[in-house]
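The file protein_38.txt contains compact mmCIF, C-alpha atoms:
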```txt
# COMPACT_ATOMS: atom_id res chain seq x y z
CA MET A 1 -1.32 5.67 16.81
CA PRO A 2 -0.48 2.80 19.15
CA ARG A 3 2.03 3.69 21.88
CA GLN A 4 3.48 0.22 22.22
CA PRO A 5 4.42 -1.50 18.96
CA ALA A 6 4.58 -5.28 19.22
CA ILE A 7 8.21 -5.14 18.02
CA ARG A 8 10.25 -2.24 19.34
CA THR A 9 13.06 -2.04 16.75
CA ALA A 10 12.57 -2.10 12.97
CA ALA A 11 15.01 -1.84 10.09
CA VAL A 12 14.11 -0.36 6.72
CA VAL A 13 16.35 -1.70 3.95
CA GLY A 14 15.91 0.31 0.76
CA ALA A 15 14.93 3.97 1.07
CA GLY A 16 13.11 4.76 -2.15
CA VAL A 17 9.53 6.03 -2.36
CA ILE A 18 8.09 3.05 -0.45
CA GLY A 19 10.96 2.61 1.99
CA ARG A 20 10.96 6.25 3.05
CA SER A 21 7.25 6.04 3.84
CA TRP A 22 7.81 2.90 5.94
CA ILE A 23 10.29 4.97 8.00
CA ARG A 24 7.40 7.15 9.12
CA VAL A 25 5.09 4.20 9.81
CA PHE A 26 7.54 2.61 12.22
CA ALA A 27 9.01 5.74 13.82
CA ARG A 28 5.59 7.33 14.29
CA ALA A 29 4.44 4.20 16.15
CA GLY A 30 7.37 4.43 18.56
CA CYS A 31 9.81 1.96 17.01
CA GLU A 32 13.50 2.62 16.94
CA THR A 33 13.81 2.74 13.16
CA ARG A 34 17.13 1.98 11.52
CA VAL A 35 17.38 2.98 7.85
CA PHE A 36 19.85 1.65 5.29
CA ASP A 37 20.23 2.12 1.56
CA PRO A 38 23.34 1.22 -0.45
CA ASP A 39 23.08 4.62 -2.19
CA PRO A 40 24.21 7.24 0.38
CA GLU A 41 22.52 10.07 -1.53
CA GLN A 42 19.17 8.25 -1.62
CA LEU A 43 19.54 7.46 2.07
CA ALA A 44 20.11 11.13 2.87
CA ARG A 45 17.14 12.21 0.73
CA ALA A 46 14.87 9.68 2.43
CA LEU A 47 15.83 10.84 5.92
CA ASP A 48 15.33 14.48 4.95
CA TRP A 49 11.96 13.60 3.42
CA ALA A 50 10.80 11.68 6.52
CA ARG A 51 11.63 14.57 8.85
CA GLY A 52 10.14 17.13 6.48
CA SER A 53 6.99 15.05 6.09
CA ALA A 54 6.57 14.88 9.87
CA ASP A 55 7.01 18.65 10.08
CA GLU A 56 4.29 19.11 7.45
CA ASP A 57 1.98 16.83 9.44
CA GLU A 58 2.61 18.92 12.53
CA ALA A 59 1.78 22.12 10.62
CA LEU A 60 -1.45 20.52 9.38
CA GLY A 61 -2.43 19.33 12.84
CA PHE A 62 -2.17 15.59 12.16
CA ILE A 63 0.46 15.21 14.88
CA ASP A 64 1.58 17.51 17.70
CA ALA A 65 5.04 18.94 18.24
CA GLU A 66 5.87 16.28 20.83
CA GLY A 67 4.90 13.52 18.40
CA ALA A 68 7.00 15.00 15.60
CA THR A 69 10.00 15.32 17.91
CA ARG A 70 9.59 11.79 19.23
CA GLU A 71 9.28 10.44 15.71
CA GLY A 72 12.44 12.22 14.61
CA ARG A 73 14.39 10.91 17.59
CA GLY A 74 13.41 7.36 16.69
CA ILE A 75 15.01 7.46 13.23
CA ARG A 76 18.61 6.29 12.94
CA ARG A 77 20.77 6.45 9.82
CA CYS A 78 22.81 3.31 9.16
CA ASP A 79 25.59 3.34 6.58
CA THR A 80 25.97 -0.43 6.42
CA LEU A 81 23.59 -3.36 6.57
CA GLU A 82 25.58 -4.76 9.49
CA GLU A 83 24.86 -1.57 11.43
CA ALA A 84 21.11 -1.67 10.71
CA LEU A 85 20.21 -5.27 11.53
CA PRO A 86 21.49 -6.24 15.01
CA GLY A 87 18.65 -6.01 17.51
CA ALA A 88 15.98 -5.37 14.88
CA GLY A 89 12.95 -7.62 15.33
CA TRP A 90 11.36 -6.54 12.04
CA VAL A 91 13.21 -5.97 8.75
CA GLN A 92 11.29 -4.31 5.90
CA GLU A 93 12.95 -4.80 2.50
CA SER A 94 11.95 -2.25 -0.13
CA GLY A 95 14.54 -2.81 -2.83
CA PRO A 96 14.16 -2.94 -6.62
CA GLU A 97 11.23 -5.00 -7.95
CA THR A 98 13.45 -7.64 -9.56
CA LEU A 99 13.31 -11.23 -8.35
CA ALA A 100 17.05 -11.89 -8.59
CA ILE A 101 17.86 -8.72 -6.63
CA LYS A 102 15.31 -9.54 -3.94
CA GLN A 103 16.70 -13.07 -3.63
CA ARG A 104 20.18 -11.64 -3.16
CA ILE A 105 19.00 -9.09 -0.58
CA PHE A 106 17.09 -11.74 1.38
CA ALA A 107 20.13 -13.99 1.42
CA GLU A 108 22.09 -11.11 2.95
CA LEU A 109 19.32 -10.35 5.43
CA ASP A 110 18.97 -13.97 6.47
CA ALA A 111 22.70 -14.21 7.09
CA ALA A 112 23.00 -10.97 9.08
CA ALA A 113 19.70 -10.42 10.91
CA ASP A 114 19.04 -11.67 14.44
CA PRO A 115 17.66 -15.25 14.44
CA GLY A 116 14.27 -14.16 15.75
CA ALA A 117 13.78 -11.26 13.33
CA VAL A 118 10.90 -11.29 10.85
CA LEU A 119 12.04 -10.55 7.29
CA ALA A 120 9.35 -8.79 5.26
CA SER A 121 9.31 -7.70 1.64
CA SER A 122 7.40 -4.76 0.17
CA THR A 123 7.24 -6.59 -3.17
CA SER A 124 4.17 -5.92 -5.28
CA ALA A 125 4.79 -8.76 -7.72
CA HIS A 126 6.77 -11.70 -6.37
CA ASP A 127 5.87 -14.79 -4.38
CA MET A 128 7.76 -15.15 -1.11
CA SER A 129 8.18 -18.86 -1.93
CA ARG A 130 10.46 -17.79 -4.79
CA ILE A 131 12.19 -14.92 -2.98
CA ALA A 132 13.10 -17.18 -0.04
CA ASP A 133 13.74 -20.32 -2.10
CA GLY A 134 16.66 -22.21 -0.58
CA LEU A 135 17.11 -19.87 2.41
CA ALA A 136 17.86 -21.47 5.75
CA GLY A 137 15.58 -18.86 7.32
CA ALA A 138 12.69 -19.16 4.86
CA GLY A 139 10.39 -19.81 7.82
CA ARG A 140 10.69 -16.19 9.00
CA CYS A 141 10.02 -14.54 5.64
CA VAL A 142 6.73 -12.90 4.58
CA VAL A 143 5.44 -10.48 1.97
CA ALA A 144 4.16 -7.25 3.53
CA HIS A 145 3.04 -5.29 0.48
CA PRO A 146 1.82 -1.78 1.32
CA VAL A 147 -0.31 0.68 -0.57
CA ASN A 148 1.66 3.76 -1.60
CA PRO A 149 2.23 5.73 0.59
CA PRO A 150 1.92 3.42 3.60
CA HIS A 151 2.25 6.21 6.17
CA VAL A 152 -1.05 7.59 4.79
CA ILE A 153 -2.90 4.51 3.48
CA PRO A 154 -2.92 1.68 6.03
CA VAL A 155 -3.66 -1.52 4.07
CA VAL A 156 -0.80 -4.04 3.90
CA GLU A 157 -1.22 -7.30 1.98
CA VAL A 158 0.48 -10.10 3.92
CA LEU A 159 1.38 -13.31 2.14
CA PRO A 160 3.43 -16.20 3.57
CA GLY A 161 5.70 -18.34 1.49
CA GLU A 162 5.45 -22.12 1.37
CA GLY A 163 8.06 -22.34 4.12
CA THR A 164 6.82 -19.49 6.34
CA HIS A 165 6.22 -20.63 9.91
CA PRO A 166 2.59 -20.06 11.03
CA GLY A 167 3.80 -18.25 14.13
CA VAL A 168 5.74 -15.78 11.99
CA LEU A 169 2.64 -14.99 9.98
CA THR A 170 0.66 -14.40 13.18
CA ALA A 171 3.43 -12.17 14.54
CA ALA A 172 3.60 -10.21 11.28
CA LEU A 173 -0.13 -9.48 11.28
CA ALA A 174 -0.01 -8.45 14.94
CA PHE A 175 3.00 -6.16 14.48
CA LEU A 176 1.57 -4.37 11.46
CA GLU A 177 -1.67 -3.77 13.30
CA SER A 178 0.24 -2.49 16.33
CA VAL A 179 1.97 0.19 14.22
CA GLY A 180 -1.34 1.48 12.87
CA GLN A 181 -1.63 -0.43 9.61
CA SER A 182 -4.54 -2.59 8.39
CA PRO A 183 -2.98 -5.95 7.48
CA VAL A 184 -4.95 -8.40 5.33
CA ARG A 185 -3.91 -12.00 4.91
CA MET A 186 -3.80 -13.61 1.48
CA ASN A 187 -4.47 -17.34 1.41
CA ARG A 188 -2.43 -18.01 -1.73
CA TYR A 189 -0.21 -16.21 -4.21
CA LEU A 190 -1.71 -14.47 -7.22
CA ALA A 191 0.17 -12.06 -9.47
CA GLY A 192 -0.69 -8.54 -8.39
CA PHE A 193 -2.08 -9.71 -5.03
CA LEU A 194 -5.48 -8.25 -4.11
CA LEU A 195 -5.43 -4.48 -4.54
CA ASN A 196 -3.58 -4.38 -7.84
CA ARG A 197 -5.82 -7.06 -9.35
CA LEU A 198 -8.97 -5.20 -8.30
CA GLN A 199 -7.45 -1.96 -9.53
CA ALA A 200 -6.42 -3.54 -12.84
CA ALA A 201 -9.94 -4.82 -13.45
CA LEU A 202 -11.44 -1.36 -12.99
CA ILE A 203 -8.73 0.36 -15.04
CA ARG A 204 -9.17 -2.18 -17.84
CA GLU A 205 -12.83 -1.26 -18.18
CA ALA A 206 -12.09 2.48 -17.79
CA VAL A 207 -9.56 2.26 -20.63
CA PHE A 208 -12.12 0.47 -22.80
CA LEU A 209 -14.84 3.03 -22.07
CA TYR A 210 -12.50 5.91 -22.92
CA GLY A 211 -10.82 4.28 -25.93
CA SER A 212 -14.14 3.22 -27.48
CA GLY A 213 -15.53 6.75 -27.19
CA ALA A 214 -18.21 5.87 -24.64
CA ALA A 215 -17.20 8.77 -22.38
CA SER A 216 -14.43 11.27 -21.67
CA ALA A 217 -11.68 10.50 -19.18
CA GLU A 218 -13.10 13.15 -16.85
CA ALA A 219 -16.60 11.66 -17.02
CA ILE A 220 -15.22 8.23 -16.11
CA ASP A 221 -13.18 9.72 -13.25
CA THR A 222 -16.23 11.61 -12.00
CA VAL A 223 -18.31 8.42 -11.85
CA VAL A 224 -15.65 6.81 -9.67
CA ARG A 225 -14.63 9.88 -7.68
CA ASP A 226 -18.12 11.24 -6.93
CA GLY A 227 -20.03 7.96 -7.20
CA MET A 228 -18.77 4.51 -6.36
CA GLY A 229 -15.58 5.82 -4.78
CA LEU A 230 -17.53 7.56 -2.03
CA ARG A 231 -19.17 4.28 -1.07
CA TRP A 232 -15.98 2.28 -1.49
CA ALA A 233 -14.14 4.64 0.86
CA LEU A 234 -16.46 3.31 3.56
CA LEU A 235 -17.39 -0.19 2.41
CA GLY A 236 -15.78 -2.65 0.00
CA PRO A 237 -17.65 -4.10 -2.99
CA PHE A 238 -19.28 -6.83 -0.91
CA GLY A 239 -20.12 -4.47 1.94
CA THR A 240 -21.67 -2.09 -0.59
CA GLY A 241 -23.73 -4.96 -1.99
CA HIS A 242 -24.84 -5.75 1.54
CA THR A 243 -26.33 -2.23 1.83
CA ASN A 244 -27.98 -2.24 -1.61
CA ALA A 245 -30.94 -4.38 -0.52
CA ASP A 246 -32.91 -4.54 2.69
CA GLY A 247 -32.17 -8.27 2.90
CA GLY A 248 -28.41 -7.77 2.53
CA ALA A 249 -25.84 -9.17 0.12
CA GLY A 250 -27.69 -12.45 -0.50
CA GLU A 251 -30.85 -10.68 -1.65
CA TYR A 252 -28.93 -8.12 -3.71
CA TYR A 253 -26.72 -10.55 -5.63
CA ARG A 254 -29.59 -12.96 -6.30
CA ARG A 255 -31.77 -10.12 -7.55
CA TYR A 256 -29.11 -8.65 -9.85
CA GLY A 257 -27.05 -11.75 -10.60
CA ASP A 258 -28.33 -12.06 -14.17
CA ALA A 259 -27.65 -8.36 -14.83
CA TYR A 260 -24.09 -8.72 -13.58
CA ARG A 261 -23.50 -11.85 -15.66
CA ALA A 262 -24.80 -10.05 -18.77
CA MET A 263 -22.38 -7.15 -18.19
CA TRP A 264 -19.50 -9.51 -17.47
CA ARG A 265 -20.06 -11.20 -20.84
CA GLU A 266 -19.70 -7.81 -22.53
CA LEU A 267 -16.56 -6.68 -20.69
CA GLU A 268 -13.62 -6.22 -23.04
CA ALA A 269 -10.82 -8.58 -22.07
CA ASP A 270 -8.11 -6.79 -24.08
CA PRO A 271 -9.01 -3.14 -24.71
CA GLU A 272 -6.92 -0.88 -26.91
CA PHE A 273 -4.19 0.64 -24.75
CA SER A 274 -2.24 2.40 -27.46
CA GLY A 275 -0.32 5.64 -27.44
CA ARG A 276 -3.44 7.37 -28.73
CA VAL A 277 -5.45 6.26 -25.72
CA ILE A 278 -2.70 6.94 -23.18
CA ASP A 279 -1.92 10.39 -24.61
CA GLY A 280 -5.59 11.29 -24.64
CA ILE A 281 -6.01 10.34 -20.98
CA HIS A 282 -2.86 12.28 -20.07
CA GLU A 283 -4.04 15.40 -21.89
CA GLU A 284 -7.41 15.32 -20.15
CA MET A 285 -5.78 14.91 -16.76
CA GLU A 286 -3.52 17.90 -17.45
CA GLU A 287 -6.58 19.93 -18.46
CA THR A 288 -8.30 18.93 -15.22
CA TYR A 289 -5.45 19.30 -12.76
CA GLY A 290 -2.90 21.44 -14.60
CA ALA A 291 0.42 20.56 -16.17
CA SER A 292 3.17 19.43 -13.79
CA ALA A 293 0.76 19.43 -10.85
CA THR A 294 1.21 15.86 -9.65
CA GLU A 295 3.17 16.82 -6.53
CA ALA A 296 0.46 19.22 -5.36
CA LEU A 297 -2.24 16.69 -6.27
CA CYS A 298 -0.52 13.95 -4.24
CA ALA A 299 -0.18 16.29 -1.26
CA TRP A 300 -3.89 17.13 -1.47
CA ARG A 301 -4.76 13.44 -1.78
CA ASP A 302 -2.74 12.58 1.32
CA ARG A 303 -4.31 15.38 3.38
CA VAL A 304 -7.86 14.42 2.47
CA VAL A 305 -7.27 10.68 2.96
CA ARG A 306 -6.03 11.48 6.47
CA ARG A 307 -9.21 13.44 7.17
CA ILE A 308 -11.42 10.67 5.80
CA ARG A 309 -9.63 8.15 8.01
CA ALA A 310 -10.15 10.41 11.03
CA LEU A 311 -13.86 10.69 10.29
CA LYS A 312 -14.17 6.91 9.94
CA GLY A 313 -12.31 6.46 13.22
CA ASP A 314 -14.68 8.87 14.99
CA ASP A 315 -17.78 7.14 13.57
CA PRO A 316 -16.97 3.43 12.99
CA PRO A 317 -19.44 1.09 11.28
CA PRO A 318 -21.77 -1.11 13.34
CA GLY A 319 -20.14 -4.29 14.59
CA SER A 320 -16.57 -3.04 14.17
```

Write-out of the structure in structure tokens:
Amino acid sequence: MPRQPAIRTAAVVGAGVIGRSWIRVFARAGCETRVFDPDPEQLARALDWARGSADEDEALGFIDAEGATREGRGIRRCDTLEEALPGAGWVQESGPETLAIKQRIFAELDAAADPGAVLASSTSAHDMSRIADGLAGAGRCVVAHPVNPPHVIPVVEVLPGEGTHPGVLTAALAFLESVGQSPVRMNRYLAGFLLNRLQAALIREAVFLYGSGAASAEAIDTVVRDGMGLRWALLGPFGTGHTNADGGAGEYYRRYGDAYRAMWRELEADPEFSGRVIDGIHEEMEETYGASATEALCAWRDRVVRRIRALKGDDPPPGS
């Protein structure tokens, strides 16, 4: 992890599942990390989780004892918003996914944060142009939508609003990279942003294949998990296409363009997603992974993702 974050003090506002993971991102990178949530019990749970998560990482060898101690020292509980914001150069909002609530929170942040602070939202659905509509400080507001959990998965989708100052966008991208994330800039707003739209397209077809009886849920998962997912963990869809022909992506897509267009014409736009289909998928997943095993499955996922990232870091692709 970088030793010198581009912004030295960050505030996390909202300490739910996403907010608590942001705590680790910033504190691990060396930021003084102030944490506020209007629910004192949720705030306490998030702080306990962050410290416990760092201890688990130490036990697994992902960080050393010095790193875990340093991370813990960088986390500061704040019982009011006014305590959390002064001196913070980055403010990460992770409140409820409701436009009116986010507009209210951003109005409070804009009024109380230092004038030079960047105000970022973890929103997965809303356009910053609407969240910051009418704010005097709209120029310092950006979307910084992470992948859950951001302390394990580094991609952050960054989207400016109509009023966002170009320098703020540049600073946001630089800061997120400096704390170990992989920021990607969106050129315009689309519902669901990038990851969720790509994910939705694949899930739509997976639901159709299962619901129409083409294959079991486990067979579909196996094709992704032990097939395309292995390639996609290293290369995106276009990078994969670039390796599928000796002449690269241009040769590949020209050679198979008609085949892709034929499949696209057959893709079901609105597959059955009824209780029957959902219950069937759920039952198969319980048969595969065991009932009430999601916590253990998530922990395994996080460990293995960390190891994959380490391998990729040790052996980066050509030209990186």

* Residues near A:Trp49, cut-off 12 Å, all atoms listed in the file, skip fewer than 5 positions along chain, as a count of residues only -> 18

Residues of stretch 168-283 of chain A within 9 Å of stretch 106-123 of chain A: nearest atom pair and distance (Å, one decimal) for each, counting only C-alpha atoms, sorted by chain and number, as a Markdown table?
```
| residue | atom | partner | partner_atom | distance |
| --- | --- | --- | --- | --- |
| A:Val168 | CA | A:Val118 | CA | 6.9 |
| A:Ala171 | CA | A:Val118 | CA | 8.4 |
| A:Ala172 | CA | A:Val118 | CA | 7.4 |
```

* stretch 230-235 of chain A environment, 10 Å, only C-alpha atoms, sequence neighbours closer than 6 positions dropped, as a ChimeraX atom specification -> /A:223-224,241-243,305,308-309,312,316-317

* Structure fact -> Using only C-alpha atoms, the shortest atom-to-atom distance to A:Ser53 among A:Ile153, A:Ala249, A:Ala132, A:Ala68 belongs to A:Ala68

Grab all the atoms of stretch 285-303 of chain A that the file lists, wrap them in a box along x, y and z, add 8 Å per side, and give me centre plus edge lengths in Å (one decimal) as AutoDock Vina command-line options.
```
--center_x -2.6 --center_y 17.0 --center_z -7.5 --size_x 27.5 --size_y 24.9 --size_z 37.8
```

* Restricting the calculation to all atoms listed in the file, which member of A:Arg185, A:Val156, A:Ile281, A:Glu205 is positioned closest to A:Thr170? -> A:Arg185

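All residues of protein, DNA or RNA that reach within 12 Å of A:Val277, judged by only C-alpha atoms and not counting those fewer than 2 positions away in the chain, are Ala206, Val207, Phe208, Leu209, Tyr210, Gly211, Ser212, Gly213, Ser216, Ala217, Pro271, Glu272, Phe273, Ser274, Gly275, Asp279, Gly280, Ile281, His282, Glu283 and Glu284 of chain A.
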
* Around (14.1, -0.9, 13.0) in the file's frame, which residues reach within 7 Å when counting all atoms listed in the file? Return as an MDAnalysis selection string? -> chainID A and resid 9:12 31:34 88 90:91

Limited to C-alpha atoms, could you put the picked residues into a file as a CSV table (one decimal), keeping the file's coordinate frame?
```
chain,number,residue,atom,x,y,z
A,9,THR,CA,13.1,-2.0,16.8
A,10,ALA,CA,12.6,-2.1,13.0
A,11,ALA,CA,15.0,-1.8,10.1
A,12,VAL,CA,14.1,-0.4,6.7
A,31,CYS,CA,9.8,2.0,17.0
A,32,GLU,CA,13.5,2.6,16.9
A,33,THR,CA,13.8,2.7,13.2
A,34,ARG,CA,17.1,2.0,11.5
A,88,ALA,CA,16.0,-5.4,14.9
A,90,TRP,CA,11.4,-6.5,12.0
A,91,VAL,CA,13.2,-6.0,8.8
```

* To do: Determine, counting all atoms listed in the file, which protein, DNA and RNA residues have an atom within 12 Å of an atom of A:Pro166; residues of the same chain fewer than 3 positions away are not included. Present the result as a PyMOL selection string.
  => chain A and resi 138-142+159-163+169-173

* Can you tell me how far atom CA of A:Arg77 sits from atom CA of A:Leu47, in Å to one decimal? ->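 Interatomic distance, atom CA of A:Arg77 to atom CA of A:Leu47: 7.7 Å.
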
* So, counting only C-alpha atoms, which residue among A:Pro5, A:Gly30, A:Gly319, A:Pro96 is closest to A:Thr69? ->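 Checking each candidate against A:Thr69, we get A:Gly30 as the closest.
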
* To do: One decimal, Å: what's the distance from atom CA of A:Glu287 over to atom CA of A:Ala219, could you say?
  =>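 Taking atom CA of A:Glu287 as the start and atom CA of A:Ala219 as the end point, the length is 13.1 Å.
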
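Each of A:Val13, A:Ile203, A:Ala6, A:Ala269 was compared to A:Gly95 using only C-alpha atoms, and A:Val13 turns out to be the nearest.
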
* Might you pull out every residue within 8 Å of stretch 191-193 of chain A, with all atoms listed in the file counted and same-chain residues fewer than 2 positions away left off, and present them as a PyMOL selection string? => chain A and resi 124-126+157+186+189+195-197

* Asked: Any idea what the distance is between atom CA of A:Glu295 and atom CA of A:Met228?
  ->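 Taking atom CA of A:Glu295 and atom CA of A:Met228, their separation equals 25.2 Å.
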
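With all atoms listed in the file as the atoms that count, the residue of A:Arg306, A:His145, A:Arg104, A:Arg188 with the shortest distance to A:Ser129 is A:Arg188.
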
Generate all heavy atoms for stretch 149-158 of chain A and emit them as a compact mmCIF listing (two decimals), in the frame of the given file.
```
# COMPACT_ATOMS: atom_id res chain seq x y z
N PRO A 149 1.15 5.84 -0.39
CA PRO A 149 2.23 5.73 0.59
C PRO A 149 1.72 5.11 1.89
O PRO A 149 0.68 5.52 2.41
CB PRO A 149 2.63 7.19 0.81
CG PRO A 149 1.36 7.97 0.62
CD PRO A 149 0.54 7.19 -0.40
N PRO A 150 2.44 4.14 2.44
CA PRO A 150 1.92 3.42 3.60
C PRO A 150 1.76 4.26 4.86
O PRO A 150 0.99 3.88 5.74
CB PRO A 150 2.94 2.29 3.81
CG PRO A 150 4.16 2.71 3.07
CD PRO A 150 3.69 3.54 1.93
N HIS A 151 2.45 5.39 4.97
CA HIS A 151 2.25 6.21 6.17
C HIS A 151 0.93 6.98 6.11
O HIS A 151 0.51 7.56 7.11
CB HIS A 151 3.43 7.18 6.36
CG HIS A 151 3.43 8.36 5.45
ND1 HIS A 151 3.76 8.27 4.12
CD2 HIS A 151 3.14 9.67 5.67
CE1 HIS A 151 3.69 9.46 3.56
NE2 HIS A 151 3.31 10.34 4.48
N VAL A 152 0.26 6.94 4.96
CA VAL A 152 -1.05 7.59 4.79
C VAL A 152 -2.15 6.56 4.61
O VAL A 152 -3.23 6.68 5.19
CB VAL A 152 -1.02 8.55 3.58
CG1 VAL A 152 -2.41 9.12 3.31
CG2 VAL A 152 -0.02 9.68 3.82
N ILE A 153 -1.90 5.53 3.80
CA ILE A 153 -2.90 4.51 3.48
C ILE A 153 -2.51 3.22 4.21
O ILE A 153 -1.41 2.69 4.00
CB ILE A 153 -2.99 4.29 1.96
CG1 ILE A 153 -3.35 5.61 1.28
CG2 ILE A 153 -4.01 3.20 1.64
CD1 ILE A 153 -3.43 5.55 -0.23
N PRO A 154 -3.37 2.69 5.07
CA PRO A 154 -2.92 1.68 6.03
C PRO A 154 -2.91 0.22 5.55
O PRO A 154 -2.29 -0.61 6.20
CB PRO A 154 -3.92 1.83 7.18
CG PRO A 154 -5.17 2.32 6.53
CD PRO A 154 -4.72 3.21 5.40
N VAL A 155 -3.57 -0.11 4.44
CA VAL A 155 -3.66 -1.52 4.07
C VAL A 155 -2.28 -2.10 3.72
O VAL A 155 -1.48 -1.47 3.02
CB VAL A 155 -4.62 -1.72 2.88
CG1 VAL A 155 -4.38 -3.06 2.18
CG2 VAL A 155 -6.06 -1.66 3.35
N VAL A 156 -2.01 -3.29 4.25
CA VAL A 156 -0.80 -4.04 3.90
C VAL A 156 -1.23 -5.47 3.58
O VAL A 156 -1.90 -6.12 4.39
CB VAL A 156 0.22 -4.07 5.06
CG1 VAL A 156 1.49 -4.80 4.63
CG2 VAL A 156 0.55 -2.66 5.54
N GLU A 157 -0.88 -5.94 2.40
CA GLU A 157 -1.22 -7.30 1.98
C GLU A 157 -0.12 -8.25 2.47
O GLU A 157 1.05 -8.08 2.10
CB GLU A 157 -1.36 -7.37 0.47
CG GLU A 157 -2.50 -6.50 -0.04
CD GLU A 157 -2.54 -6.38 -1.55
OE1 GLU A 157 -1.46 -6.24 -2.18
OE2 GLU A 157 -3.64 -6.40 -2.11
N VAL A 158 -0.49 -9.20 3.30
CA VAL A 158 0.48 -10.10 3.92
C VAL A 158 0.33 -11.49 3.32
O VAL A 158 -0.77 -12.06 3.32
CB VAL A 158 0.29 -10.14 5.44
CG1 VAL A 158 1.31 -11.08 6.08
CG2 VAL A 158 0.41 -8.73 6.03
```
